[in-house]
Amino acid sequence: LNEKSKILRSILSAEYEPIDWLVDFRSGFRWNLDYYKNLKYGNIEGVDIKVPWELARLQHLLDLSICCRFVDENLQSQITKEIVNQLLDFISLNPPFYGPNWISPMEVSIRSVNIIFSLIELKKNKIEINLEILNHIYEYLWVSYRFLLLNNEWNDGLRNNHYLANILGLTVLSKFFNQDKVGNIYDNLYKKFRTELNYQFFSDGGNFEGSLPYHFFSLEIVFWLSQFFIEKIKFDSQIQEKLLSILAFNKAFENYNIEDIQIGDNDSGNILKFNCLS
């Protein structure tokens, strides 16, 4: 571990049980902390890198933070301590650009969104986090932001939900760090969002990948982006029409179990998960 990681681990609570963020627990295979571009995956039968990726999305931290709405102060304190410990644990064992959890910019995007939404949720519940610890988290998020600016998954050929997720990650991070007015970043992100709506969704509202799970995953990204860009969308009739077509496409399947009509891949998951609220 580097010096920064050692500092972070020294802050962990004594009773905290560390998590192995680098392992595919199904096969037992564990990636190392080499530079992310030097790591290989998909080359060993039975080993799935998406197992650690799913855990590293940190979606469960948002779920935990939402739980604080419904419990007393004592349990709130315990939950907050667990959230902070897991964040410090994760950051220390997944330092910037090292390990499998930096390979996919989409995963960096989803993780960043969940960390930020978790912090916002805790703040809404008037739960304070030590400033030194917050600064460590903010530093990690800032590096993630710079990483996505330089390593998003755009190309002039095939683009899909990965790039949409990159746009969402950059939008949330730019707002969080008040960068949305720097160099027209926010306007440029809206233009990219606008382009991808027309590029990735047909006129009937269906996603070009021809997979309902991918369609609904992309729709979730579009939903959150629409919340951030709502003021621009109000004056953009073409995008309003596109969004309405996507909703109309969804309505056609509202009475079906999509698992019964599975077409194409189904491995994208969600941006956010709200198990606590259920």
# chains A, B, ... in the order shown; residues from 1 in each chain; ligands from 1
$ residues_around --residues "Ala252 (chain A)" --least-positions-apart "5" --cutoff "12 Å" --atoms "only C-alpha atoms" --output "list in words"
Asp204, Gly205, Gly206, Leu212, Ser245, Ile246, Leu247, Asn257 and Ile258 of chain A
$ write_last_selection --atoms "C-alpha atoms" --output "PDB file, in the first residue's frame"
ATOM      1  CA  ASP A 204     -40.201   4.403 -31.283  1.00  0.00           C
ATOM      2  CA  GLY A 205     -38.325   4.998 -28.000  1.00  0.00           C
ATOM      3  CA  GLY A 206     -36.614   1.613 -27.824  1.00  0.00           C
ATOM      4  CA  LEU A 212     -35.074  -4.749 -22.578  1.00  0.00           C
ATOM      5  CA  SER A 245     -41.355   8.223 -27.138  1.00  0.00           C
ATOM      6  CA  ILE A 246     -39.104   6.409 -24.638  1.00  0.00           C
ATOM      7  CA  LEU A 247     -41.867   6.542 -22.015  1.00  0.00           C
ATOM      8  CA  ASN A 257     -42.516  -9.663 -16.748  1.00  0.00           C
ATOM      9  CA  ILE A 258     -39.498  -8.704 -18.859  1.00  0.00           C
TER      10      ILE A 258
END
$ closest_atom_pairs --of "region 70-131 of chain A" --to "region 166-182 of chain A" --cutoff "12 Å" --atoms "only C-alpha atoms" --output "tab-separated table"
residue	atom	partner	partner_atom	distance
A:Ser104	CA	A:Asn166	CA	10.0
A:Pro105	CA	A:Asn166	CA	6.7
A:Met106	CA	A:Asn166	CA	5.7
A:Glu107	CA	A:Asn166	CA	8.8
A:Val108	CA	A:Gly169	CA	7.8
A:Ser109	CA	A:Gly169	CA	4.3
A:Ile110	CA	A:Gly169	CA	6.5
A:Arg111	CA	A:Gly169	CA	8.5
A:Ser112	CA	A:Gly169	CA	6.5
A:Val113	CA	A:Gly169	CA	6.0
A:Asn114	CA	A:Gly169	CA	9.6
A:Ile115	CA	A:Leu173	CA	10.3
A:Ile116	CA	A:Phe176	CA	7.7
A:Phe117	CA	A:Val172	CA	9.1
A:Leu119	CA	A:Phe176	CA	10.7
A:Ile120	CA	A:Phe176	CA	9.9
$ residues_around --residues "Asn101 (chain A)" --least-positions-apart "4" --cutoff "8 Å" --atoms "only C-alpha atoms" --output "PyMOL selection string"
chain A and resi 22+36+52-53+56+94+107-108
$ residues_around --residues "region 223-226 of chain A" --least-positions-apart "3" --cutoff "8 Å" --atoms "only C-alpha atoms" --output "ChimeraX atom specification"
/A:168,171,193,219-220,229-230,233
$ atom_distance --atom1 "CA of Glu3 (chain A)" --atom2 "CA of Thr80 (chain A)"
25.4 Å
$ residues_around --residues "Phe25 (chain A)" --least-positions-apart "5" --cutoff "10 Å" --atoms "only C-alpha atoms" --output "PyMOL selection string"
chain A and resi 20+30+47-48+51-52
$ write_last_selection --atoms "N, CA and C atoms" --output "compact mmCIF listing (two decimals), in the first residue's frame"
# COMPACT_ATOMS: atom_id res chain seq x y z
N ASP A 20 -12.95 -7.45 1.27
CA ASP A 20 -12.05 -7.75 0.15
C ASP A 20 -12.72 -7.24 -1.13
N ARG A 30 -8.58 -13.51 -7.15
CA ARG A 30 -8.39 -12.16 -6.63
C ARG A 30 -7.42 -11.39 -7.51
N VAL A 47 -14.06 -17.11 -14.04
CA VAL A 47 -13.74 -15.91 -13.26
C VAL A 47 -14.47 -14.72 -13.87
N ASP A 48 -15.19 -13.98 -13.04
CA ASP A 48 -16.03 -12.88 -13.54
C ASP A 48 -15.66 -11.58 -12.81
N VAL A 51 -18.19 -9.36 -10.63
CA VAL A 51 -18.51 -9.60 -9.22
C VAL A 51 -17.90 -8.51 -8.33
N PRO A 52 -16.59 -8.27 -8.39
CA PRO A 52 -16.07 -7.14 -7.60
C PRO A 52 -16.57 -5.79 -8.10
$ select_by_dssp --residues "region 19-151 of chain A" --states "strand (DSSP E or B)" --output "PDB file with N, CA and C atoms, in the first residue's frame"
ATOM      1  N   VAL A  23     -11.891  -9.314  -4.984  1.00  0.00           N
ATOM      2  CA  VAL A  23     -12.062 -10.739  -5.204  1.00  0.00           C
ATOM      3  C   VAL A  23     -13.378 -11.057  -5.906  1.00  0.00           C
ATOM      4  N   ARG A  30      -8.583 -13.505  -7.149  1.00  0.00           N
ATOM      5  CA  ARG A  30      -8.394 -12.155  -6.627  1.00  0.00           C
ATOM      6  C   ARG A  30      -7.422 -11.389  -7.513  1.00  0.00           C
ATOM      7  N   TYR A  35      -1.299  -1.346 -11.999  1.00  0.00           N
ATOM      8  CA  TYR A  35      -1.892  -0.252 -12.768  1.00  0.00           C
ATOM      9  C   TYR A  35      -3.032  -0.818 -13.610  1.00  0.00           C
ATOM     10  N   TYR A  98      -5.326   2.146  -9.783  1.00  0.00           N
ATOM     11  CA  TYR A  98      -4.749   0.844  -9.466  1.00  0.00           C
ATOM     12  C   TYR A  98      -5.846  -0.140  -9.054  1.00  0.00           C
TER      13      TYR A  98
END
$ select_by_dssp --residues "region 3-142 of chain A" --states "alpha helix (DSSP H)" --output "PyMOL selection string"
chain A and resi 3-11+50-56+59-67+73-93+105-124+131-142
$ atom_distance --atom1 "CA of Phe274 (chain A)" --atom2 "CA of Asp63 (chain A)"
5.7 Å
$ atom_distance --atom1 "CA of Tyr163 (chain A)" --atom2 "CA of Ile185 (chain A)"
16.2 Å
$ closest_residue --among "A:Asn135, A:Ser10, A:Ser144, A:Asn125" --to "Asn85 (chain A)" --atoms "only C-alpha atoms"
A:Ser10
$ residues_around --residues "Asn2 (chain A)" --least-positions-apart "4" --cutoff "12 Å" --atoms "only C-alpha atoms" --output "PDB file with N, CA, C and O atoms, in the first residue's frame"
ATOM      1  N   LYS A   6      -2.060   3.877   3.708  1.00  0.00           N
ATOM      2  CA  LYS A   6      -1.728   3.541   5.099  1.00  0.00           C
ATOM      3  C   LYS A   6      -2.347   4.543   6.063  1.00  0.00           C
ATOM      4  O   LYS A   6      -2.834   4.170   7.138  1.00  0.00           O
ATOM      5  N   ILE A   7      -2.348   5.811   5.672  1.00  0.00           N
ATOM      6  CA  ILE A   7      -2.968   6.847   6.506  1.00  0.00           C
ATOM      7  C   ILE A   7      -4.466   6.571   6.651  1.00  0.00           C
ATOM      8  O   ILE A   7      -5.029   6.643   7.754  1.00  0.00           O
ATOM      9  N   LEU A   8      -5.111   6.254   5.545  1.00  0.00           N
ATOM     10  CA  LEU A   8      -6.550   5.993   5.575  1.00  0.00           C
ATOM     11  C   LEU A   8      -6.873   4.781   6.441  1.00  0.00           C
ATOM     12  O   LEU A   8      -7.853   4.791   7.190  1.00  0.00           O
ATOM     13  N   ARG A   9      -6.066   3.753   6.358  1.00  0.00           N
ATOM     14  CA  ARG A   9      -6.322   2.552   7.133  1.00  0.00           C
ATOM     15  C   ARG A   9      -6.097   2.782   8.628  1.00  0.00           C
ATOM     16  O   ARG A   9      -6.715   2.117   9.462  1.00  0.00           O
ATOM     17  N   LEU A  33      -3.165  -5.179  -7.247  1.00  0.00           N
ATOM     18  CA  LEU A  33      -3.249  -3.729  -7.356  1.00  0.00           C
ATOM     19  C   LEU A  33      -2.263  -3.176  -8.369  1.00  0.00           C
ATOM     20  O   LEU A  33      -1.655  -2.130  -8.147  1.00  0.00           O
ATOM     21  N   ILE A  91     -11.335   3.235  -0.479  1.00  0.00           N
ATOM     22  CA  ILE A  91     -10.391   4.176  -1.085  1.00  0.00           C
ATOM     23  C   ILE A  91      -8.953   3.728  -0.850  1.00  0.00           C
ATOM     24  O   ILE A  91      -8.106   3.831  -1.741  1.00  0.00           O
ATOM     25  N   SER A  92      -8.684   3.189   0.339  1.00  0.00           N
ATOM     26  CA  SER A  92      -7.314   2.766   0.652  1.00  0.00           C
ATOM     27  C   SER A  92      -6.895   1.546  -0.159  1.00  0.00           C
ATOM     28  O   SER A  92      -5.719   1.404  -0.507  1.00  0.00           O
ATOM     29  N   LEU A  93      -7.848   0.662  -0.474  1.00  0.00           N
ATOM     30  CA  LEU A  93      -7.514  -0.567  -1.198  1.00  0.00           C
ATOM     31  C   LEU A  93      -7.808  -0.474  -2.696  1.00  0.00           C
ATOM     32  O   LEU A  93      -7.598  -1.443  -3.437  1.00  0.00           O
ATOM     33  N   ASN A  94      -8.295   0.679  -3.128  1.00  0.00           N
ATOM     34  CA  ASN A  94      -8.521   0.933  -4.561  1.00  0.00           C
ATOM     35  C   ASN A  94      -7.974   2.315  -4.899  1.00  0.00           C
ATOM     36  O   ASN A  94      -8.718   3.193  -5.372  1.00  0.00           O
ATOM     37  N   PRO A  95      -6.677   2.528  -4.660  1.00  0.00           N
ATOM     38  CA  PRO A  95      -6.101   3.862  -4.897  1.00  0.00           C
ATOM     39  C   PRO A  95      -6.247   4.253  -6.363  1.00  0.00           C
ATOM     40  O   PRO A  95      -6.365   3.375  -7.240  1.00  0.00           O
ATOM     41  N   PRO A  96      -6.279   5.545  -6.658  1.00  0.00           N
ATOM     42  CA  PRO A  96      -6.503   5.997  -8.034  1.00  0.00           C
ATOM     43  C   PRO A  96      -5.636   5.279  -9.068  1.00  0.00           C
ATOM     44  O   PRO A  96      -4.414   5.218  -8.926  1.00  0.00           O
ATOM     45  N   TYR A  98      -5.326   2.146  -9.783  1.00  0.00           N
ATOM     46  CA  TYR A  98      -4.749   0.844  -9.466  1.00  0.00           C
ATOM     47  C   TYR A  98      -5.846  -0.140  -9.054  1.00  0.00           C
ATOM     48  O   TYR A  98      -6.734   0.190  -8.277  1.00  0.00           O
TER      49      TYR A  98
END
$ residues_around --residues "Leu61 (chain A)" --least-positions-apart "2" --cutoff "9 Å" --atoms "only C-alpha atoms" --output "PDB file with N, CA, C and O atoms, in the first residue's frame"
ATOM      1  N   LEU A  58     -20.702   0.503  -4.746  1.00  0.00           N
ATOM      2  CA  LEU A  58     -21.032   1.090  -3.437  1.00  0.00           C
ATOM      3  C   LEU A  58     -22.493   1.526  -3.347  1.00  0.00           C
ATOM      4  O   LEU A  58     -22.836   2.447  -2.594  1.00  0.00           O
ATOM      5  N   GLN A  59     -23.360   0.830  -4.074  1.00  0.00           N
ATOM      6  CA  GLN A  59     -24.784   1.176  -4.039  1.00  0.00           C
ATOM      7  C   GLN A  59     -25.396   0.911  -2.672  1.00  0.00           C
ATOM      8  O   GLN A  59     -26.352   1.581  -2.270  1.00  0.00           O
ATOM      9  N   ASP A  63     -28.090   2.968   0.227  1.00  0.00           N
ATOM     10  CA  ASP A  63     -29.174   2.280   0.920  1.00  0.00           C
ATOM     11  C   ASP A  63     -29.034   2.445   2.438  1.00  0.00           C
ATOM     12  O   ASP A  63     -30.010   2.724   3.138  1.00  0.00           O
ATOM     13  N   LEU A  64     -27.811   2.296   2.935  1.00  0.00           N
ATOM     14  CA  LEU A  64     -27.566   2.472   4.369  1.00  0.00           C
ATOM     15  C   LEU A  64     -27.865   3.903   4.808  1.00  0.00           C
ATOM     16  O   LEU A  64     -28.450   4.131   5.871  1.00  0.00           O
ATOM     17  N   SER A  65     -27.454   4.868   3.998  1.00  0.00           N
ATOM     18  CA  SER A  65     -27.684   6.267   4.368  1.00  0.00           C
ATOM     19  C   SER A  65     -29.173   6.585   4.409  1.00  0.00           C
ATOM     20  O   SER A  65     -29.634   7.362   5.255  1.00  0.00           O
ATOM     21  N   ILE A  66     -29.951   5.977   3.513  1.00  0.00           N
ATOM     22  CA  ILE A  66     -31.399   6.177   3.521  1.00  0.00           C
ATOM     23  C   ILE A  66     -32.016   5.569   4.776  1.00  0.00           C
ATOM     24  O   ILE A  66     -32.981   6.105   5.334  1.00  0.00           O
ATOM     25  N   GLU A  82     -20.253   2.877   9.948  1.00  0.00           N
ATOM     26  CA  GLU A  82     -20.021   1.800   8.979  1.00  0.00           C
ATOM     27  C   GLU A  82     -19.811   2.367   7.579  1.00  0.00           C
ATOM     28  O   GLU A  82     -18.925   1.917   6.836  1.00  0.00           O
ATOM     29  N   ILE A  83     -20.612   3.349   7.203  1.00  0.00           N
ATOM     30  CA  ILE A  83     -20.462   3.979   5.887  1.00  0.00           C
ATOM     31  C   ILE A  83     -19.081   4.600   5.748  1.00  0.00           C
ATOM     32  O   ILE A  83     -18.378   4.402   4.744  1.00  0.00           O
ATOM     33  N   GLN A  86     -16.337   1.930   5.525  1.00  0.00           N
ATOM     34  CA  GLN A  86     -16.301   1.261   4.224  1.00  0.00           C
ATOM     35  C   GLN A  86     -15.704   2.166   3.153  1.00  0.00           C
ATOM     36  O   GLN A  86     -14.960   1.702   2.280  1.00  0.00           O
ATOM     37  N   LEU A  87     -16.022   3.456   3.212  1.00  0.00           N
ATOM     38  CA  LEU A  87     -15.447   4.384   2.237  1.00  0.00           C
ATOM     39  C   LEU A  87     -13.929   4.474   2.401  1.00  0.00           C
ATOM     40  O   LEU A  87     -13.186   4.421   1.413  1.00  0.00           O
ATOM     41  N   ASN A 114     -23.062   7.197  -6.466  1.00  0.00           N
ATOM     42  CA  ASN A 114     -23.555   6.616  -5.214  1.00  0.00           C
ATOM     43  C   ASN A 114     -22.877   7.212  -3.991  1.00  0.00           C
ATOM     44  O   ASN A 114     -23.520   7.417  -2.957  1.00  0.00           O
ATOM     45  N   ILE A 115     -21.581   7.501  -4.089  1.00  0.00           N
ATOM     46  CA  ILE A 115     -20.893   8.144  -2.967  1.00  0.00           C
ATOM     47  C   ILE A 115     -21.493   9.524  -2.713  1.00  0.00           C
ATOM     48  O   ILE A 115     -21.819   9.883  -1.572  1.00  0.00           O
ATOM     49  N   SER A 118     -24.983   9.413  -1.334  1.00  0.00           N
ATOM     50  CA  SER A 118     -24.927   8.969   0.066  1.00  0.00           C
ATOM     51  C   SER A 118     -24.572  10.128   0.981  1.00  0.00           C
ATOM     52  O   SER A 118     -25.188  10.318   2.041  1.00  0.00           O
TER      53      SER A 118
END
